[in-house]
Structures are given as structure tokens and as C-alpha cells.
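Asks: start-v8.csv is reproduced below (CSV, C-alpha atoms).
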```csv
chain,number,residue,atom,x,y,z
L,1,MET,CA,-16.9,45.3,13.5
L,2,LYS,CA,-13.7,45.9,11.6
L,3,HIS,CA,-12.3,42.5,12.8
L,4,THR,CA,-15.5,40.8,11.9
L,5,LEU,CA,-15.2,42.1,8.3
L,6,LEU,CA,-11.6,40.9,8.1
L,7,LEU,CA,-12.6,37.5,9.3
L,8,ALA,CA,-15.4,37.3,6.7
L,9,LEU,CA,-12.9,38.3,4.0
L,10,ALA,CA,-10.4,35.7,5.1
L,11,CYS,CA,-13.2,33.0,4.9
L,12,LEU,CA,-14.1,34.2,1.4
L,13,GLY,CA,-10.5,34.1,0.4
L,14,LEU,CA,-10.1,30.5,1.6
L,15,GLY,CA,-13.3,29.5,-0.2
L,16,ALA,CA,-12.0,31.1,-3.4
L,17,ALA,CA,-8.7,29.2,-3.1
L,18,HIS,CA,-10.6,25.9,-3.0
L,19,ALA,CA,-12.8,26.9,-6.0
L,20,ALA,CA,-9.7,27.6,-8.2
L,21,GLU,CA,-8.7,24.0,-8.7
L,22,PRO,CA,-9.2,22.7,-12.3
L,23,LYS,CA,-12.4,20.7,-12.9
L,24,THR,CA,-13.9,19.1,-16.0
L,25,GLY,CA,-14.9,21.9,-18.4
L,26,SER,CA,-12.3,24.4,-17.1
L,27,ALA,CA,-9.3,25.5,-19.2
L,28,LEU,CA,-5.9,23.9,-18.7
L,29,PRO,CA,-3.7,26.5,-17.0
L,30,ALA,CA,-0.4,27.5,-18.5
L,31,LEU,CA,1.9,24.7,-17.3
L,32,GLY,CA,5.0,26.9,-18.0
L,33,GLY,CA,4.0,29.2,-15.1
L,34,LEU,CA,3.5,26.3,-12.7
L,35,LEU,CA,6.7,24.4,-13.8
L,36,PRO,CA,9.2,27.2,-14.4
L,37,GLY,CA,12.2,26.0,-16.4
L,38,ALA,CA,10.8,22.6,-17.2
L,39,PRO,CA,11.2,21.3,-20.8
L,40,LEU,CA,7.6,21.2,-21.8
L,41,PRO,CA,6.4,20.2,-25.3
L,42,LYS,CA,4.2,22.3,-27.5
L,43,THR,CA,0.5,21.6,-26.7
L,44,ALA,CA,-1.3,24.0,-28.9
L,45,GLY,CA,-4.0,22.2,-31.0
L,46,LYS,CA,-3.1,18.8,-29.4
L,47,VAL,CA,-4.9,16.4,-27.1
L,48,VAL,CA,-3.0,16.5,-23.9
L,49,LEU,CA,-2.8,14.0,-21.0
L,50,VAL,CA,-1.4,15.5,-17.9
L,51,ASP,CA,-0.5,12.8,-15.4
L,52,PHE,CA,0.6,13.3,-11.8
L,53,TRP,CA,2.8,10.5,-10.5
L,54,ALA,CA,5.4,9.7,-7.8
L,55,SER,CA,8.1,7.1,-7.4
L,56,TRP,CA,6.6,5.9,-4.1
L,57,CYS,CA,3.2,5.2,-5.7
L,58,ALA,CA,2.8,1.6,-7.0
L,59,PRO,CA,-0.2,2.3,-9.3
L,60,CYS,CA,1.8,5.1,-10.9
L,61,LYS,CA,4.5,2.6,-11.9
L,62,ALA,CA,1.8,0.3,-13.4
L,63,SER,CA,0.3,3.2,-15.3
L,64,PHE,CA,3.6,4.0,-17.0
L,65,VAL,CA,3.3,0.8,-19.1
L,66,THR,CA,-0.2,2.0,-20.3
L,67,LEU,CA,0.9,5.6,-20.9
L,68,SER,CA,3.9,4.4,-22.9
L,69,ARG,CA,1.6,2.3,-25.1
L,70,LEU,CA,-0.8,5.2,-25.6
L,71,HIS,CA,2.1,7.4,-26.5
L,72,GLN,CA,3.4,5.0,-29.1
L,73,LYS,CA,-0.1,4.5,-30.6
L,74,TYR,CA,-1.4,8.1,-30.6
L,75,ALA,CA,1.6,10.6,-30.5
L,76,SER,CA,1.7,10.7,-34.3
L,77,LYS,CA,-2.0,11.5,-34.4
L,78,GLY,CA,-1.8,14.5,-32.0
L,79,LEU,CA,-1.6,13.2,-28.4
L,80,VAL,CA,0.9,14.7,-26.0
L,81,ILE,CA,1.5,13.1,-22.6
L,82,ILE,CA,3.2,15.1,-19.8
L,83,GLY,CA,4.1,13.2,-16.6
L,84,ILE,CA,4.5,15.5,-13.7
L,85,GLY,CA,6.5,13.9,-10.9
L,86,VAL,CA,5.8,15.1,-7.3
L,87,ASP,CA,8.7,13.5,-5.4
L,88,ASP,CA,10.3,15.6,-2.8
L,89,GLU,CA,13.8,14.4,-3.8
L,90,ALA,CA,15.1,15.0,-7.3
L,91,ALA,CA,17.2,11.8,-7.0
L,92,ASP,CA,14.0,9.7,-6.5
L,93,HIS,CA,12.4,11.3,-9.5
L,94,GLN,CA,15.4,10.8,-11.7
L,95,ALA,CA,15.9,7.2,-10.5
L,96,PHE,CA,12.3,6.3,-11.3
L,97,ALA,CA,12.4,8.0,-14.7
L,98,ALA,CA,15.7,6.2,-15.6
L,99,LYS,CA,14.3,2.8,-14.5
L,100,ASN,CA,10.9,3.1,-16.3
L,101,LYS,CA,12.3,4.8,-19.5
L,102,ALA,CA,9.1,6.6,-20.4
L,103,PRO,CA,8.9,7.7,-24.1
L,104,PHE,CA,6.8,10.8,-23.2
L,105,THR,CA,7.8,14.0,-21.4
L,106,LEU,CA,8.5,13.8,-17.7
L,107,VAL,CA,9.0,16.9,-15.5
L,108,HIS,CA,9.7,17.3,-11.8
L,109,ASP,CA,7.4,19.5,-9.7
L,110,SER,CA,9.9,19.8,-6.9
L,111,GLN,CA,8.1,22.8,-5.2
L,112,HIS,CA,4.6,21.2,-5.6
L,113,LYS,CA,3.4,24.3,-7.4
L,114,ALA,CA,1.6,22.4,-10.1
L,115,ALA,CA,0.3,19.8,-7.7
L,116,GLY,CA,-0.8,22.5,-5.3
L,117,PHE,CA,-2.8,24.2,-8.1
L,118,PHE,CA,-4.3,21.0,-9.6
L,119,ASN,CA,-4.8,19.4,-6.2
L,120,PRO,CA,-5.0,15.9,-7.6
L,121,PRO,CA,-7.5,13.9,-5.5
L,122,THR,CA,-5.4,10.7,-5.4
L,123,MET,CA,-2.2,9.3,-6.8
L,124,PRO,CA,-2.0,8.9,-9.7
L,125,SER,CA,-4.5,11.4,-11.2
L,126,SER,CA,-4.6,12.5,-14.8
L,127,TYR,CA,-6.3,15.2,-16.8
L,128,LEU,CA,-7.3,14.7,-20.4
L,129,VAL,CA,-7.5,17.9,-22.3
L,130,ASP,CA,-9.0,18.5,-25.8
L,131,ARG,CA,-7.5,20.3,-28.7
L,132,LYS,CA,-9.0,23.6,-27.5
L,133,GLY,CA,-7.3,23.4,-24.1
L,134,VAL,CA,-10.4,22.4,-22.1
L,135,ILE,CA,-10.1,19.7,-19.5
L,136,ARG,CA,-12.6,17.0,-20.6
L,137,HIS,CA,-11.9,14.0,-18.3
L,138,ILE,CA,-10.3,13.5,-14.9
L,139,HIS,CA,-9.0,10.1,-13.9
L,140,LYS,CA,-8.6,9.3,-10.2
L,141,GLY,CA,-6.2,6.5,-9.7
L,142,PHE,CA,-5.2,3.7,-12.1
L,143,LYS,CA,-7.2,0.5,-12.3
L,144,GLY,CA,-5.3,-1.4,-15.0
L,145,ALA,CA,-7.1,-2.6,-18.1
L,146,LYS,CA,-10.3,-0.7,-17.1
L,147,THR,CA,-8.5,2.6,-17.0
L,148,GLU,CA,-6.6,1.9,-20.2
L,149,ALA,CA,-9.9,1.1,-22.1
L,150,GLU,CA,-11.3,4.4,-20.8
L,151,TYR,CA,-8.2,6.3,-21.9
L,152,VAL,CA,-8.4,4.7,-25.4
L,153,ALA,CA,-12.1,5.5,-25.9
L,154,GLU,CA,-11.7,9.1,-24.7
L,155,ILE,CA,-8.4,9.8,-26.6
L,156,GLU,CA,-9.9,8.5,-29.8
L,157,ALA,CA,-13.0,10.6,-29.4
L,158,LEU,CA,-11.0,13.8,-28.6
L,159,LEU,CA,-8.6,13.2,-31.5
L,160,ALA,CA,-11.5,12.8,-33.9
L,161,GLU,CA,-13.0,16.2,-32.9
M,1,MET,CA,-36.4,43.2,23.4
M,2,ASN,CA,-34.3,46.2,22.5
M,3,PHE,CA,-31.5,45.5,20.0
M,4,ALA,CA,-30.0,49.0,20.1
M,5,THR,CA,-28.5,48.8,23.6
M,6,PRO,CA,-24.7,48.7,23.8
M,7,ARG,CA,-25.0,45.2,25.4
M,8,ALA,CA,-27.1,43.8,22.6
M,9,ILE,CA,-24.7,45.3,19.9
M,10,MET,CA,-21.8,43.7,21.7
M,11,ASN,CA,-23.6,40.4,21.8
M,12,LEU,CA,-24.4,40.6,18.1
M,13,ARG,CA,-20.7,41.4,17.3
M,14,LEU,CA,-19.6,38.4,19.3
M,15,LEU,CA,-22.1,36.2,17.6
M,16,ALA,CA,-20.9,37.4,14.1
M,17,SER,CA,-17.3,36.9,15.1
M,18,ALA,CA,-18.0,33.4,16.3
M,19,ALA,CA,-19.8,32.5,13.1
M,20,CYS,CA,-17.0,33.8,10.9
M,21,ALA,CA,-14.4,32.1,13.1
M,22,SER,CA,-16.2,28.7,12.8
M,23,LEU,CA,-16.4,29.2,9.0
M,24,LEU,CA,-12.7,30.0,8.9
M,25,LEU,CA,-11.8,26.9,11.0
M,26,CYS,CA,-14.0,24.7,8.8
M,27,SER,CA,-11.9,25.8,5.7
M,28,CYS,CA,-8.7,25.3,7.6
M,29,SER,CA,-9.6,21.7,8.5
M,30,ASP,CA,-9.6,20.8,4.8
M,31,SER,CA,-6.8,22.8,3.4
M,32,LEU,CA,-4.2,22.8,6.2
M,33,VAL,CA,-4.6,19.8,8.4
M,34,ARG,CA,-5.1,16.9,5.9
M,35,VAL,CA,-2.0,15.5,4.2
M,36,LYS,CA,-2.5,15.9,0.4
M,37,PRO,CA,-2.2,12.7,-1.7
M,38,TYR,CA,0.9,14.1,-3.4
M,39,GLU,CA,2.6,14.7,0.0
M,40,ARG,CA,2.4,11.1,1.2
M,41,GLY,CA,5.9,10.0,0.2
M,42,ASN,CA,7.1,9.6,3.8
M,43,LEU,CA,3.9,7.8,4.8
M,44,ALA,CA,4.3,5.4,1.8
M,45,ASN,CA,7.8,4.5,3.0
M,46,PRO,CA,8.1,0.8,3.8
M,47,LEU,CA,9.7,1.8,7.2
M,48,MET,CA,6.3,3.2,8.2
M,49,ASP,CA,4.7,-0.3,8.0
M,50,ASN,CA,4.2,-1.8,11.4
M,51,GLY,CA,4.2,-5.3,10.0
M,52,ARG,CA,7.3,-5.1,7.9
M,53,ASP,CA,9.1,-7.7,10.0
M,54,PRO,CA,7.0,-10.9,10.4
M,55,LEU,CA,9.1,-12.2,13.3
M,56,LEU,CA,9.0,-9.0,15.3
M,57,LEU,CA,5.3,-8.7,14.6
M,58,ALA,CA,4.7,-12.3,15.9
M,59,MET,CA,6.7,-11.6,19.0
M,60,THR,CA,4.9,-8.4,19.7
M,61,GLN,CA,1.5,-10.1,19.3
M,62,HIS,CA,2.6,-12.9,21.5
M,63,ALA,CA,3.7,-10.5,24.3
M,64,TYR,CA,0.5,-8.6,23.9
M,65,PHE,CA,-1.6,-11.7,24.1
M,66,SER,CA,0.2,-12.9,27.2
M,67,ARG,CA,0.0,-9.6,29.0
M,68,GLU,CA,-3.6,-8.8,28.1
M,69,ALA,CA,-4.9,-12.4,28.4
M,70,ALA,CA,-7.3,-11.4,31.2
M,71,PHE,CA,-9.7,-10.0,28.7
M,72,GLY,CA,-8.9,-12.3,25.8
M,73,GLY,CA,-5.7,-10.8,24.4
M,74,GLY,CA,-6.0,-9.7,20.9
M,75,GLY,CA,-8.9,-12.0,20.2
M,76,VAL,CA,-12.5,-12.4,21.5
M,77,GLY,CA,-12.2,-15.3,23.9
M,78,GLY,CA,-9.7,-16.2,26.7
M,79,GLY,CA,-9.8,-17.6,30.2
M,80,GLY,CA,-7.4,-15.1,31.7
M,81,CYS,CA,-4.8,-17.6,33.0
M,82,GLY,CA,-2.0,-15.9,31.1
M,83,CYS,CA,-0.3,-19.2,30.6
M,84,ASN,CA,0.8,-19.0,27.0
```
Can you turn what I pasted into C-alpha cells?

Replies:
Amino acid sequence: MKHTLLLALACLGLGAAHAAEPKTGSALPALGGLLPGAPLPKTAGKVVLVDFWASWCAPCKASFVTLSRLHQKYASKGLVIIGIGVDDEAADHQAFAAKNKAPFTLVHDSQHKAAGFFNPPTMPSSYLVDRKGVIRHIHKGFKGAKTEAEYVAEIEALLAE
Amino acid sequence: MNFATPRAIMNLRLLASAACASLLLCSCSDSLVRVKPYERGNLANPLMDNGRDPLLLAMTQHAYFSREAAFGGGGVGGGGCGCN
């Protein structure tokens, strides 16, 4: 019976681990704890866009043009974009960052701590967070102008709140 | 049926253990076996693409078609002469 109880507890533990991943309506976790030592910008009271990308992901490269445009348009109004790279090799991350010259913050999640916590459903995935630190929208993938239009509408609504 | 006999208790325990084990394995299939989207760097490498060399691909397909012509090669038809 003891073994049965242990098995049941293990099942519950695994279930709880799945339930922990951020969803729409949940609070943005402290990124500093997931990305120790990374140079993160201040996000208190700001609208935050957390984007997971990788150098081997073609749509991620396409999304950088849009994210750069959004940064230039909305950074002064209170938008902070944080691009979290999930490449295994630091050299790949740095080469991609140097080539694409993103004006927003890029950090490297070399240990996949942040990616493991957020569990992004596809690459790229992004999480749009309101000024109170609540995840309001989750974008799966990047579909060019359609996604950009969604970003613009959602960011403008969150900045106006 | 008497559920208080040692044999019945043992059977119930086995049943409960099997139920828990199946639940555990169901969880494992999702969290441990599948490659996560952010772990697909190696799979996205161009070297992983079978069709990266058109000449090699054409030769492989030709050899396959000739060898397997008896049932139509890679297509749906074929007479089985193997004379390509």
C-alpha cells in the first residue's frame, strides 16, 4: 500500500508540474530568477512582450523586423520587449543577435530554465503582459502582417489601460 | 464475493498499482518523450534534410524505382519489367 501511495504522489507531482506553466491571466514570473545574471530591463508598470526565439527558427528571424518596428514605435510609451534566445550554443545566439541588430533587449537562456518554465508551444512564442504584470495574450508562431496587426491592436489597448 | 480475504486484498492492491502506473506513464509520454519546440535546433539543421542534395535524391529515387519496379516503384503503376 505504501508503494501505491508513492506512485499516486508521483502522478500528482507530474500533474502539478504541467499545471505550473504560465497561461493567459496568470502573473508573469520573476525573469531574474529564470535568467540569472542576464541584463534585464526594468519592467515594473510597463507593458512587456516576452518573445522566445532561436537562430535556427526562420519565422523568428522574420519576427525580429516586426519586433524592432514595435520597439521603435512604442518603447517611449511604455513597451519593453525582451527576446529570450534558446540556442544551445552561445556562439549561435551571439551571431544571430549581431546579424539582426535588434534594438530591444536580448538574453540567452542557455540552460533552458526560462523555456522549461514557460514551455512555449511553438517557436517563436510570445507573451504580452499588462502594466500590472498579468499575461494577457499568448502568440503561437509568427504569421507576418497578421501577427503584427494583432500585436499593434493589443499593445495599444494595454498601453491605454 | 468476499473482499476481505488476503487474495482479494492483494488483487485490489495490484489493480490500484496498475492504475497509478498507467497514470504515471501517461504523464511521462508528454513531458519526457516528446522533443520540446525549443529543443529542435538539431532537427532544424539543414543536414537533417533528406532532400538537401537534388542529384543524390534523384539517384536514390531512380535506384529505388528500378529495384522495386515489381510493385510499381515509388508510384502507383508499373509493369514489373525493371527495365528503367

Asks: With all atoms listed in the file counted, which protein, DNA or RNA residues have an atom no more than 9 Å from (5.3, 4.3, -18.6) in the file frame? Please answer as an MDAnalysis selection string.

Replies: chainID L and resid 60:69 97 100:104

Asks: Determine, counting only C-alpha atoms, which protein, DNA and RNA residues have an atom within 9 Å of an atom of Asn42 (chain M); residues of the same chain fewer than 5 positions away are not included. Present the result as a list in words.

Replies: Trp56 of chain L; Leu47 and Met48 of chain M

Asks: Do you know which residues are at most 12 Å from His108 (chain L) counting all atoms listed in the file, after dropping those on the same chain fewer than 2 positions away, and could you put them as a compact mmCIF listing (two decimals) with C-alpha atoms, keeping the file's coordinate frame?

Replies:
```
# COMPACT_ATOMS: atom_id res chain seq x y z
CA LEU L 34 3.50 26.30 -12.70
CA LEU L 35 6.70 24.40 -13.80
CA PRO L 36 9.20 27.20 -14.40
CA GLY L 37 12.20 26.00 -16.40
CA ALA L 38 10.80 22.60 -17.20
CA PRO L 39 11.20 21.30 -20.80
CA LEU L 40 7.60 21.20 -21.80
CA ASP L 51 -0.50 12.80 -15.40
CA PHE L 52 0.60 13.30 -11.80
CA TRP L 53 2.80 10.50 -10.50
CA ALA L 54 5.40 9.70 -7.80
CA SER L 55 8.10 7.10 -7.40
CA ILE L 82 3.20 15.10 -19.80
CA GLY L 83 4.10 13.20 -16.60
CA ILE L 84 4.50 15.50 -13.70
CA GLY L 85 6.50 13.90 -10.90
CA VAL L 86 5.80 15.10 -7.30
CA ASP L 87 8.70 13.50 -5.40
CA ASP L 88 10.30 15.60 -2.80
CA GLU L 89 13.80 14.40 -3.80
CA ALA L 90 15.10 15.00 -7.30
CA ALA L 91 17.20 11.80 -7.00
CA ASP L 92 14.00 9.70 -6.50
CA HIS L 93 12.40 11.30 -9.50
CA GLN L 94 15.40 10.80 -11.70
CA ALA L 95 15.90 7.20 -10.50
CA PHE L 96 12.30 6.30 -11.30
CA ALA L 97 12.40 8.00 -14.70
CA THR L 105 7.80 14.00 -21.40
CA LEU L 106 8.50 13.80 -17.70
CA SER L 110 9.90 19.80 -6.90
CA GLN L 111 8.10 22.80 -5.20
CA HIS L 112 4.60 21.20 -5.60
CA LYS L 113 3.40 24.30 -7.40
CA ALA L 114 1.60 22.40 -10.10
CA ALA L 115 0.30 19.80 -7.70
```

Asks: Let me make sure I understand: among L:Gly33, L:Pro124, L:Val48, L:Ala98, which one has the smallest atom-to-atom distance to His137 (chain L) if we use only C-alpha atoms?

Replies: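 Closest to His137 (chain L) of all the choices is L:Val48.
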
Asks: Between M:Leu15, M:Ala58, M:Ala63, M:Ala70, single out the one closest to chain L, counting all atoms listed in the file.

Replies: M:Leu15

Asks: Residues of chain M that have any atom at most 7 Å from an atom of chain L: could you tabulate them with the shortest-distance atom pair and the distance in Å to one decimal, using all atoms listed in the file, ordered by chain and increasing number, as CSV?

Replies:
```
residue,atom,partner,partner_atom,distance
M:Arg13,CA,L:Met1,CA,6.6
M:Ala16,CA,L:Thr4,CA,6.7
M:Ser17,CA,L:Thr4,CA,5.4
M:Cys20,CA,L:Ala8,CA,5.7
M:Ala21,CA,L:Leu7,CA,6.8
M:Leu23,CA,L:Cys11,CA,6.4
M:Leu24,CA,L:Cys11,CA,5.0
M:Ser27,CA,L:Leu14,CA,6.5
M:Pro37,CA,L:Thr122,CA,5.3
M:Tyr38,CA,L:Val86,CA,6.3
M:Gly41,CA,L:Trp56,CA,6.0
M:Ala44,CA,L:Trp56,CA,6.4
```

Asks: How far is it from CA of Val80 (chain L) to CA of Phe118 (chain L), in Å with one decimal?

Replies: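 So the answer is 18.3 Å.
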
Asks: So how many Å separate CA of Tyr151 (chain L) and CA of Val47 (chain L), to one decimal?

Replies: 11.8 Å

Asks: So the first atom is CA of Tyr127 (chain L) and the second is CA of Arg40 (chain M); what is the distance between them in Å, to one decimal place?

Replies: 20.4 Å

Asks: Using only C-alpha atoms, which of the listed residues (L:Asp130, L:Asp109, L:Glu21, L:Glu150) sits closest to Gly78 (chain L)?

Replies: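 Going through L:Asp130, L:Asp109, L:Glu21, L:Glu150 one by one, the smallest distance to Gly78 (chain L) is for L:Asp130.
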